[in-house]
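Student: Pasting structure00.tsv below, which is TSV, C-alpha atoms.
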chain	number	residue	atom	x	y	z
V	30	MET	CA	0.00	0.00	0.00
V	31	ASP	CA	1.31	3.34	-0.91
V	32	GLY	CA	1.89	6.15	1.62
V	33	PRO	CA	1.32	9.82	0.93
V	34	ARG	CA	1.08	10.77	-2.71
V	35	GLY	CA	4.43	11.18	-4.31
V	36	HIS	CA	6.33	8.96	-1.78
V	37	PRO	CA	6.70	5.20	-1.59
V	38	ALA	CA	5.33	3.29	1.32
V	39	ASP	CA	8.77	2.12	2.44
V	40	ASP	CA	10.02	5.65	3.22
V	41	LYS	CA	11.93	6.15	6.42
V	42	PRO	CA	9.77	6.79	9.52
V	43	LEU	CA	9.48	10.42	10.75
V	44	THR	CA	11.50	11.37	13.74
V	45	LYS	CA	10.14	13.49	16.63
V	46	GLY	CA	9.89	17.18	15.82
V	47	GLN	CA	9.73	16.66	12.05
V	48	ILE	CA	6.88	16.83	9.61
V	49	LEU	CA	6.52	15.50	6.08
V	50	LEU	CA	6.25	18.16	3.39
V	51	ASP	CA	5.55	17.54	-0.24
V	52	PRO	CA	7.08	19.75	-2.93
V	53	ILE	CA	3.96	21.93	-3.02
V	54	ALA	CA	4.32	22.70	0.70
V	55	MET	CA	8.01	23.39	0.15
V	56	ARG	CA	7.12	26.02	-2.41
V	57	LEU	CA	4.86	27.69	0.14
V	58	LEU	CA	7.93	28.34	2.26
V	59	GLU	CA	9.21	30.72	-0.38
V	60	PRO	CA	8.50	34.51	0.09
V	61	LEU	CA	4.84	35.17	-0.59
V	62	ASP	CA	3.53	37.64	-3.08
V	63	PRO	CA	1.99	40.58	-1.08
V	64	GLY	CA	-1.44	40.46	-2.66
V	65	PRO	CA	-4.84	41.37	-1.29
V	66	PRO	CA	-6.05	37.80	-0.43
V	67	CYS	CA	-5.62	36.68	3.15
V	68	PHE	CA	-4.36	33.20	2.15
V	69	PRO	CA	-1.61	32.99	-0.45
V	70	ARG	CA	-2.52	31.60	-3.76
V	71	ARG	CA	-1.45	28.02	-4.24
V	72	PRO	CA	1.07	27.55	-7.01
V	73	ALA	CA	-0.27	25.62	-9.93
V	74	ARG	CA	0.39	21.87	-9.78
V	75	SER	CA	2.52	20.45	-12.52
V	76	SER	CA	0.86	18.10	-14.92
V	77	HIS	CA	3.43	15.32	-14.41
V	78	ARG	CA	3.96	13.33	-11.25
V	79	GLN	CA	7.05	14.38	-9.33
V	80	THR	CA	9.34	11.68	-8.05
V	81	THR	CA	11.81	11.80	-5.26
V	82	THR	CA	14.94	9.90	-4.65
V	83	GLY	CA	16.01	8.75	-1.27
V	84	GLY	CA	14.02	9.55	1.92
V	85	PRO	CA	11.23	12.06	2.22
V	86	PRO	CA	12.14	15.72	2.90
V	87	LEU	CA	12.23	16.47	6.60
V	88	PHE	CA	11.63	19.95	8.09
V	89	PRO	CA	11.82	20.84	11.81
V	90	VAL	CA	8.82	22.53	13.38
V	91	SER	CA	9.46	26.30	13.84
V	92	LEU	CA	7.75	29.67	13.89
V	93	TRP	CA	8.47	30.11	10.22
V	94	MET	CA	5.94	27.51	9.05
V	95	PRO	CA	3.56	28.59	6.30
V	96	LEU	CA	0.45	30.54	7.19
V	97	GLU	CA	-1.79	27.58	6.39
V	98	MET	CA	0.11	25.42	8.89
V	99	SER	CA	0.13	28.08	11.64
V	100	PRO	CA	-2.46	27.55	14.44
V	101	PHE	CA	-3.70	31.15	13.81
V	102	GLY	CA	-4.06	30.75	10.07
V	103	CYS	CA	-3.78	34.03	8.18
V	104	TRP	CA	-4.12	36.02	11.43
V	105	GLY	CA	-0.77	34.86	12.77
V	106	LEU	CA	1.18	38.05	11.90
V	107	PRO	CA	-1.52	40.56	13.04
V	108	THR	CA	-1.92	38.58	16.27
V	109	ALA	CA	1.79	38.74	16.94
V	110	LEU	CA	1.93	42.48	16.30
V	111	LEU	CA	-1.10	43.06	18.55
V	112	ALA	CA	0.54	41.10	21.34
V	113	LEU	CA	3.72	43.13	20.87
V	114	PHE	CA	1.92	46.46	21.27
V	115	CYS	CA	-0.45	45.41	24.05
V	116	CYS	CA	2.09	43.75	26.32
V	117	PRO	CA	4.34	46.44	27.86
V	118	GLY	CA	7.94	45.49	27.76
V	119	SER	CA	10.36	48.41	28.04
V	120	GLY	CA	7.73	50.93	29.29
V	121	GLU	CA	8.50	53.48	26.56
V	122	GLY	CA	4.95	53.65	25.25
V	123	PHE	CA	2.98	54.19	28.46
V	124	GLU	CA	0.93	57.32	29.12
V	125	VAL	CA	0.02	59.38	32.17
V	126	ARG	CA	-3.44	60.96	32.36
V	127	MET	CA	-5.15	63.40	34.75
V	128	TYR	CA	-8.80	64.16	35.24
V	129	PRO	CA	-10.06	66.82	35.02
V	130	GLU	CA	-7.79	68.21	32.33
V	131	GLN	CA	-8.47	71.78	33.59
V	132	LEU	CA	-9.27	72.80	37.14
V	133	LEU	CA	-11.30	75.88	38.04
V	134	VAL	CA	-12.01	76.62	41.68
V	135	GLU	CA	-13.10	79.47	43.95
V	136	PRO	CA	-10.68	80.73	46.63
V	137	GLY	CA	-10.27	78.23	49.46
V	138	GLY	CA	-12.11	75.49	47.58
V	139	SER	CA	-11.35	71.78	47.24
V	140	LYS	CA	-11.32	69.51	44.18
V	141	PHE	CA	-10.94	65.79	43.37
V	142	ILE	CA	-8.11	64.77	41.01
V	143	ASN	CA	-7.67	61.37	39.36
V	144	CYS	CA	-4.18	60.32	38.25
V	145	SER	CA	-3.82	57.19	36.08
V	146	THR	CA	-1.44	55.45	33.69
V	147	SER	CA	-1.55	52.91	30.90
V	148	CYS	CA	1.42	51.01	32.33
V	149	ALA	CA	0.31	47.56	33.46
V	150	GLN	CA	2.67	47.39	36.44
V	151	PRO	CA	3.92	50.86	37.42
V	152	GLU	CA	6.78	50.90	39.87
V	153	ALA	CA	5.81	54.22	41.50
V	154	GLY	CA	3.31	57.05	41.10
V	155	GLY	CA	2.00	60.09	42.89
V	156	LEU	CA	0.95	63.76	42.87
V	157	GLU	CA	3.34	66.70	43.25
V	158	THR	CA	1.87	69.98	44.54
V	159	ALA	CA	2.45	72.65	47.16
V	160	LEU	CA	-1.24	72.48	48.12
V	161	THR	CA	-2.79	70.32	50.80
V	162	LYS	CA	-3.49	66.87	49.33
V	163	SER	CA	-4.96	63.60	50.60
V	164	LEU	CA	-5.02	60.16	48.93
V	165	LEU	CA	-8.59	58.85	48.91
V	166	GLN	CA	-8.41	55.66	46.82
V	167	SER	CA	-5.84	53.86	44.73
V	168	GLY	CA	-5.45	50.93	42.35
V	169	PRO	CA	-2.64	49.28	40.39
V	170	GLN	CA	-2.85	51.94	37.68
V	171	TRP	CA	-4.63	54.92	39.30
V	172	ASN	CA	-4.79	57.17	42.35
V	173	GLN	CA	-7.54	59.53	43.50
V	174	TYR	CA	-6.66	62.62	45.54
V	175	VAL	CA	-8.48	65.57	47.07
V	176	VAL	CA	-6.66	68.91	46.93
V	177	SER	CA	-7.85	71.62	49.33
V	178	ASN	CA	-7.16	75.21	50.43
V	179	ILE	CA	-6.61	76.45	46.88
V	180	SER	CA	-6.02	80.20	47.06
V	181	GLN	CA	-4.05	81.08	43.91
V	182	ASP	CA	-3.23	79.87	40.42
V	183	THR	CA	-0.82	76.95	40.41
V	184	VAL	CA	0.28	73.81	38.53
V	185	ILE	CA	-0.17	70.23	39.78
V	186	TYR	CA	1.94	67.33	38.46
V	187	CYS	CA	1.05	63.63	38.25
V	188	TYR	CA	3.86	61.15	37.71
V	189	PHE	CA	4.34	57.41	37.17
V	190	THR	CA	7.43	55.24	36.74
V	191	CYS	CA	7.26	52.25	34.39
V	192	SER	CA	10.25	49.98	33.67
V	193	GLY	CA	12.62	52.59	35.10
V	194	ARG	CA	11.21	55.43	32.99
V	195	GLN	CA	9.23	58.30	34.54
V	196	LYS	CA	6.59	60.46	32.87
V	197	LEU	CA	4.81	63.60	34.09
V	198	LYS	CA	1.43	65.14	33.34
V	199	SER	CA	0.64	68.73	34.36
V	200	LEU	CA	-2.70	70.27	35.37
V	201	ASN	CA	-3.28	74.04	35.40
V	202	VAL	CA	-5.33	75.25	38.37
V	203	SER	CA	-7.13	78.61	37.98
V	204	VAL	CA	-8.70	80.50	40.87
V	205	PHE	CA	-11.65	82.74	39.96
V	206	TYR	CA	-13.63	85.37	41.83
V	207	PRO	CA	-17.26	85.56	40.64
V	208	PRO	CA	-18.91	88.98	40.10
V	209	GLU	CA	-21.00	88.83	43.25
V	210	GLN	CA	-21.46	92.62	43.49
V	211	VAL	CA	-22.30	94.91	40.57
V	212	LEU	CA	-22.57	98.53	41.67
V	213	LEU	CA	-24.21	101.20	39.48
V	214	LYS	CA	-24.07	104.93	40.22
V	215	LEU	CA	-25.65	107.86	38.33
V	216	GLN	CA	-24.03	111.26	38.87
V	217	PRO	CA	-25.93	113.49	39.38
V	218	ALA	CA	-29.16	111.67	40.17
V	219	TRP	CA	-31.14	114.86	39.35
V	220	VAL	CA	-30.32	116.55	36.07
V	221	ALA	CA	-32.01	119.13	33.88
V	222	ALA	CA	-33.01	118.21	30.35
V	223	GLY	CA	-30.06	118.90	28.10
V	224	GLY	CA	-27.60	118.59	30.96
V	225	SER	CA	-24.82	116.00	31.19
V	226	PHE	CA	-24.61	113.03	33.56
V	227	THR	CA	-22.30	110.05	34.13
V	228	ALA	CA	-23.21	106.37	34.57
V	229	GLU	CA	-20.53	104.34	36.36
V	230	CYS	CA	-20.52	100.56	36.84
V	231	HIS	CA	-18.05	98.92	39.22
V	232	VAL	CA	-17.43	95.24	40.06
V	233	PRO	CA	-15.05	94.73	43.01
V	234	ALA	CA	-12.79	91.70	43.49
V	235	VAL	CA	-13.40	89.85	40.23
V	236	ARG	CA	-10.95	87.66	38.27
V	237	PRO	CA	-9.79	86.72	35.75
V	238	LEU	CA	-10.33	90.18	34.28
V	239	GLU	CA	-9.62	89.05	30.70
V	240	SER	CA	-12.81	86.97	30.85
V	241	LEU	CA	-15.04	89.80	32.19
V	242	THR	CA	-17.47	91.89	30.14
V	243	LEU	CA	-19.49	94.84	31.55
V	244	THR	CA	-22.52	96.22	29.73
V	245	LEU	CA	-24.42	99.42	30.62
V	246	LEU	CA	-28.08	99.34	29.64
V	247	HIS	CA	-30.82	101.96	29.45
V	248	GLY	CA	-33.91	99.84	29.35
V	249	LYS	CA	-32.99	97.29	26.68
V	250	GLU	CA	-30.62	99.61	24.82
V	251	ALA	CA	-26.91	98.99	25.31
V	252	LEU	CA	-25.09	102.24	26.04
V	253	CYS	CA	-21.60	100.84	26.62
V	254	ASN	CA	-19.94	97.42	26.35
V	255	LYS	CA	-16.38	96.67	27.50
V	256	THR	CA	-14.34	93.46	27.67
V	257	PHE	CA	-11.19	93.68	29.79
V	258	THR	CA	-8.93	91.72	27.42
V	259	GLY	CA	-5.24	91.86	28.22
V	260	GLU	CA	-5.67	93.60	31.58
V	261	LYS	CA	-3.93	92.24	34.66
V	262	ASN	CA	-5.79	90.92	37.64
V	263	GLY	CA	-5.84	93.17	40.69
V	264	THR	CA	-7.70	93.97	43.87
V	265	ARG	CA	-9.41	97.07	42.49
V	266	GLY	CA	-11.85	95.14	40.34
V	267	ALA	CA	-13.27	96.51	37.10
V	268	THR	CA	-14.98	99.80	36.25
V	269	VAL	CA	-16.70	101.16	33.16
V	270	THR	CA	-17.91	104.78	32.74
V	271	HIS	CA	-20.29	106.35	30.23
V	272	ASN	CA	-20.99	110.07	29.77
V	273	SER	CA	-24.26	111.17	28.18
V	274	THR	CA	-26.72	114.02	27.78
V	275	ALA	CA	-30.02	113.86	29.62
V	276	HIS	CA	-33.26	113.81	27.68
V	277	ARG	CA	-36.85	113.97	28.84
V	278	GLU	CA	-37.45	110.30	27.95
V	279	ASP	CA	-34.48	109.16	30.03
V	280	SER	CA	-36.67	109.18	33.13
V	281	ARG	CA	-39.02	106.61	31.60
V	282	HIS	CA	-36.57	103.66	31.74
V	283	ASN	CA	-34.17	102.32	34.34
V	284	PHE	CA	-30.43	102.15	34.00
V	285	SER	CA	-28.69	98.83	34.80
V	286	CYS	CA	-25.29	97.14	34.53
V	287	HIS	CA	-24.73	93.50	33.52
V	288	ALA	CA	-21.53	91.56	34.32
V	289	HIS	CA	-20.54	88.40	32.37
V	290	LEU	CA	-17.58	86.26	33.44
V	291	ASP	CA	-16.87	83.74	30.66
V	292	LEU	CA	-14.90	80.78	32.05
V	293	ARG	CA	-15.57	78.29	29.26
V	294	SER	CA	-11.98	78.42	28.00
V	295	ARG	CA	-10.86	77.30	31.47
V	296	GLY	CA	-13.31	74.45	31.77
V	297	GLY	CA	-16.11	76.41	33.49
V	298	SER	CA	-19.27	78.20	32.42
V	299	ILE	CA	-20.58	81.77	32.08
V	300	LEU	CA	-21.32	83.56	35.37
V	301	ARG	CA	-23.80	86.45	35.21
V	302	SER	CA	-24.73	89.18	37.65
V	303	VAL	CA	-26.90	92.31	37.39
V	304	SER	CA	-26.90	95.54	39.38
V	305	GLU	CA	-29.86	97.15	41.08
V	306	PRO	CA	-31.80	99.34	38.60
V	307	GLN	CA	-31.30	103.09	38.88
V	308	MET	CA	-33.67	105.85	37.75
V	309	LEU	CA	-32.43	109.15	36.38
V	310	LYS	CA	-34.66	112.09	37.33
V	311	VAL	CA	-34.86	114.66	34.57
V	312	TYR	CA	-36.61	118.01	35.11
V	313	GLU	CA	-37.37	121.00	32.90
V	314	PRO	CA	-34.98	123.92	33.45
V	315	ARG	CA	-36.51	127.12	34.93
V	316	PRO	CA	-36.42	130.31	32.81
V	317	ASP	CA	-33.34	132.43	33.44
V	318	ASN	CA	-34.42	135.67	35.32
V	319	GLN	CA	-30.97	137.13	35.56
V	320	MET	CA	-31.41	139.22	32.44
V	321	ALA	CA	-34.77	140.44	33.61
V	322	VAL	CA	-33.25	141.50	36.90
V	323	ILE	CA	-30.48	143.37	35.12
V	324	ILE	CA	-32.96	145.09	32.84
V	325	SER	CA	-35.11	146.07	35.80
V	326	VAL	CA	-32.16	147.51	37.69
V	327	VAL	CA	-31.01	149.45	34.64
V	328	ALA	CA	-34.55	150.77	34.09
V	329	VAL	CA	-34.81	151.93	37.73
V	330	LEU	CA	-31.45	153.62	37.55
V	331	LEU	CA	-32.38	155.29	34.29
V	332	PHE	CA	-35.67	156.44	35.77
V	333	LEU	CA	-33.91	157.89	38.79
V	334	PHE	CA	-31.43	159.62	36.53
V	335	VAL	CA	-34.14	161.17	34.38
V	336	ALA	CA	-36.17	162.09	37.45
V	337	SER	CA	-33.19	163.77	39.03
V	338	ILE	CA	-32.58	165.76	35.87
V	339	LEU	CA	-36.19	166.87	35.69
V	340	LEU	CA	-36.15	167.76	39.36
V	341	CYS	CA	-33.04	169.83	38.90
V	342	PHE	CA	-34.61	171.56	35.92
V	343	VAL	CA	-37.80	172.38	37.83
V	344	LEU	CA	-35.92	173.64	40.84
V	345	GLY	CA	-33.69	175.74	38.60
V	346	GLN	CA	-36.66	177.32	36.90
V	347	HIS	CA	-38.35	177.99	40.18
V	348	TRP	CA	-35.19	179.57	41.62
V	349	ARG	CA	-34.77	181.66	38.50
V	350	GLN	CA	-38.33	182.95	38.63
V	351	ARG	CA	-37.97	183.95	42.24
V	352	ARG	CA	-34.77	185.73	41.47
V	353	MET	CA	-36.27	187.55	38.47
V	354	GLY	CA	-39.20	188.66	40.65
V	355	ALA	CA	-36.90	190.20	43.21
V	356	TYR	CA	-35.04	192.13	40.57
V	357	GLY	CA	-38.36	193.60	39.25
V	358	VAL	CA	-39.33	194.97	42.66
V	359	GLN	CA	-35.98	196.67	43.04
V	360	ASP	CA	-36.31	198.40	39.70
V	361	ALA	CA	-39.66	199.81	40.59
Would you mind writing the file's structure down as structure tokens?
Tutor:
Amino acid sequence: MDGPRGHPADDKPLTKGQILLDPIAMRLLEPLDPGPPCFPRRPARSSHRQTTTGGPPLFPVSLWMPLEMSPFGCWGLPTALLALFCCPGSGEGFEVRMYPEQLLVEPGGSKFINCSTSCAQPEAGGLETALTKSLLQSGPQWNQYVVSNISQDTVIYCYFTCSGRQKLKSLNVSVFYPPEQVLLKLQPAWVAAGGSFTAECHVPAVRPLESLTLTLLHGKEALCNKTFTGEKNGTRGATVTHNSTAHREDSRHNFSCHAHLDLRSRGGSILRSVSEPQMLKVYEPRPDNQMAVIISVVAVLLFLFVASILLCFVLGQHWRQRRMGAYGVQDA
């Protein structure tokens, strides 16, 4: 009885660790053509029957067996690459992550911070900060902390060591002061129609100033809008001033000031605050009597002057007549 096709039945028995390969399988060991199919195309069989001399070809079992003979089939190479990337060896590809990625807090507040890594077996890890910190929970690849008594802007670092290599991740902490007070003042509160007045809006102790916008409104009409871009934070707060001319209709609507603190770029939201409404009292100016007074004084003085002249004239005539009468008696 014949053995496998192409070999006589009296071939030598296979030794341990060897497999029998026919010439077709031997051709599969040659470099494969990188084509789109998953399995390599089989080479065409020759039309004549191949014969061998001597014993059958022996080949030791190794990792370089053809894809069809591999236990993973055509997925052998992708599986090996996946295992290479997923199993950390030297620790060069691990990452360090922090959550949240941005931290926004009011003065004296506290926040939770998670520090984690992709290293399967980190040798060391922790949180570096000058603030007060406490470790709440931990796992093989993560730590959870609470940071308290935050009073100023700072930077927090999370670190892990994997296979002798250390990596850091930084977290920017921003302290903000919300616009709790918005103060509006009208100077003067009473003004004549056509007169000038000043509307001043002030927000004390607010930061960051570059995220603040103040808007002065008269009813629903915006009189002034200012964003404090590029200005440094300070203890004086923010102020906006608007000069205007009073009109009769100004007393029909209230004046107000709106403050918007936009913290979205720092991981927060928009904080809004509005001042108490203020009413401008506008009155009609009284007629100016100064000219009338001057005219009256001038008229009185003119009257007295004319009266004095007439009086002098009358007295002169009377004195002259008396004198002429005395001279007539003497002549007689």
Student: Given the choices V:Gln210, V:Gln150, V:Thr161, V:Ser225, which gets closest to Phe189 in chain V if the distance is worked out from all atoms listed in the file?
Tutor: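 Between V:Gln210, V:Gln150, V:Thr161, V:Ser225, the residue approaching Phe189 in chain V most closely is V:Gln150.
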Student: Can you find the residues with an atom no farther than 7 Å from (-17.2, 96.1, 39.5), counting only C-alpha atoms, and report them as an MDAnalysis selection string?
Tutor: chainID V and resid 210:212 230:233 266:268
Student: Contacts of Met308 in chain V at 9 Å or less, counting all atoms listed in the file, minus same-chain residues fewer than 2 places along, as a list in words?
Tutor: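 Counting all atoms listed in the file, the residues come to Leu215, Ala218, Asp279, Ser280, Arg281, His282, Asn283, Phe284, Pro306 and Lys310 of chain V.
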Student: How far is it from CA of Phe257 in chain V to CA of Glu209 in chain V, in Å with one decimal?
Tutor: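 Taking CA of Phe257 in chain V and CA of Glu209 in chain V, their separation equals 17.3 Å.
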Student: Tell me, in Å to one decimal, how far CA of Ser285 in chain V is from CA of Leu300 in chain V.
Tutor: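 Between CA of Ser285 in chain V and CA of Leu300 in chain V the gap works out to 17.0 Å.
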Student: Calculate how many Å separate CA of Ser163 in chain V from CA of Ser147 in chain V, rounding to one decimal.
Tutor: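 Computing the Euclidean distance for CA of Ser163 in chain V and CA of Ser147 in chain V yields 22.7 Å.
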Student: Taking the point (-16.9, 81.2, 29.9) as given in the file, collect each protein or nucleic acid residue that comes within 12 Å of it, counting only C-alpha atoms, and present the set as a list of chain:residue names.
Tutor: V:Leu133, V:Phe205, V:Pro207, V:Pro237, V:Leu238, V:Glu239, V:Ser240, V:Leu241, V:Thr242, V:His289, V:Leu290, V:Asp291, V:Leu292, V:Arg293, V:Ser294, V:Arg295, V:Gly296, V:Gly297, V:Ser298, V:Ile299, V:Leu300, V:Arg301
Student: For C-alpha atoms, I'd like the residues from the last selection saved as a PDB file, keeping the file's coordinate frame.
Tutor:
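New file out-v7.pdb:
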ATOM      1  CA  LEU V 133     -11.300  75.880  38.040  1.00  0.00           C
ATOM      2  CA  PHE V 205     -11.650  82.740  39.960  1.00  0.00           C
ATOM      3  CA  PRO V 207     -17.260  85.560  40.640  1.00  0.00           C
ATOM      4  CA  PRO V 237      -9.790  86.720  35.750  1.00  0.00           C
ATOM      5  CA  LEU V 238     -10.330  90.180  34.280  1.00  0.00           C
ATOM      6  CA  GLU V 239      -9.620  89.050  30.700  1.00  0.00           C
ATOM      7  CA  SER V 240     -12.810  86.970  30.850  1.00  0.00           C
ATOM      8  CA  LEU V 241     -15.040  89.800  32.190  1.00  0.00           C
ATOM      9  CA  THR V 242     -17.470  91.890  30.140  1.00  0.00           C
ATOM     10  CA  HIS V 289     -20.540  88.400  32.370  1.00  0.00           C
ATOM     11  CA  LEU V 290     -17.580  86.260  33.440  1.00  0.00           C
ATOM     12  CA  ASP V 291     -16.870  83.740  30.660  1.00  0.00           C
ATOM     13  CA  LEU V 292     -14.900  80.780  32.050  1.00  0.00           C
ATOM     14  CA  ARG V 293     -15.570  78.290  29.260  1.00  0.00           C
ATOM     15  CA  SER V 294     -11.980  78.420  28.000  1.00  0.00           C
ATOM     16  CA  ARG V 295     -10.860  77.300  31.470  1.00  0.00           C
ATOM     17  CA  GLY V 296     -13.310  74.450  31.770  1.00  0.00           C
ATOM     18  CA  GLY V 297     -16.110  76.410  33.490  1.00  0.00           C
ATOM     19  CA  SER V 298     -19.270  78.200  32.420  1.00  0.00           C
ATOM     20  CA  ILE V 299     -20.580  81.770  32.080  1.00  0.00           C
ATOM     21  CA  LEU V 300     -21.320  83.560  35.370  1.00  0.00           C
ATOM     22  CA  ARG V 301     -23.800  86.450  35.210  1.00  0.00           C
TER      23      ARG V 301
END
Student: Nearest residue to Leu243 in chain V out of V:Arg349, V:His276, V:Lys140, V:His287, using only C-alpha atoms?
Tutor: V:His287
Student: Could you tell me which of V:Asn172, V:Ser337, V:Asn178, V:Gln131 comes closest to Asn143 in chain V if we count all atoms listed in the file?
Tutor: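 The shortest atom-to-atom distance to Asn143 in chain V comes from V:Asn172.
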Student: Padding 3 Å on every side, please: axis-aligned box over the listed atoms of range 230-237 of chain V, centre and edge lengths to one decimal in Å, as AutoDock Vina command-line options.
Tutor:
--center_x -15.2 --center_y 93.6 --center_z 39.6 --size_x 16.7 --size_y 19.8 --size_z 13.7
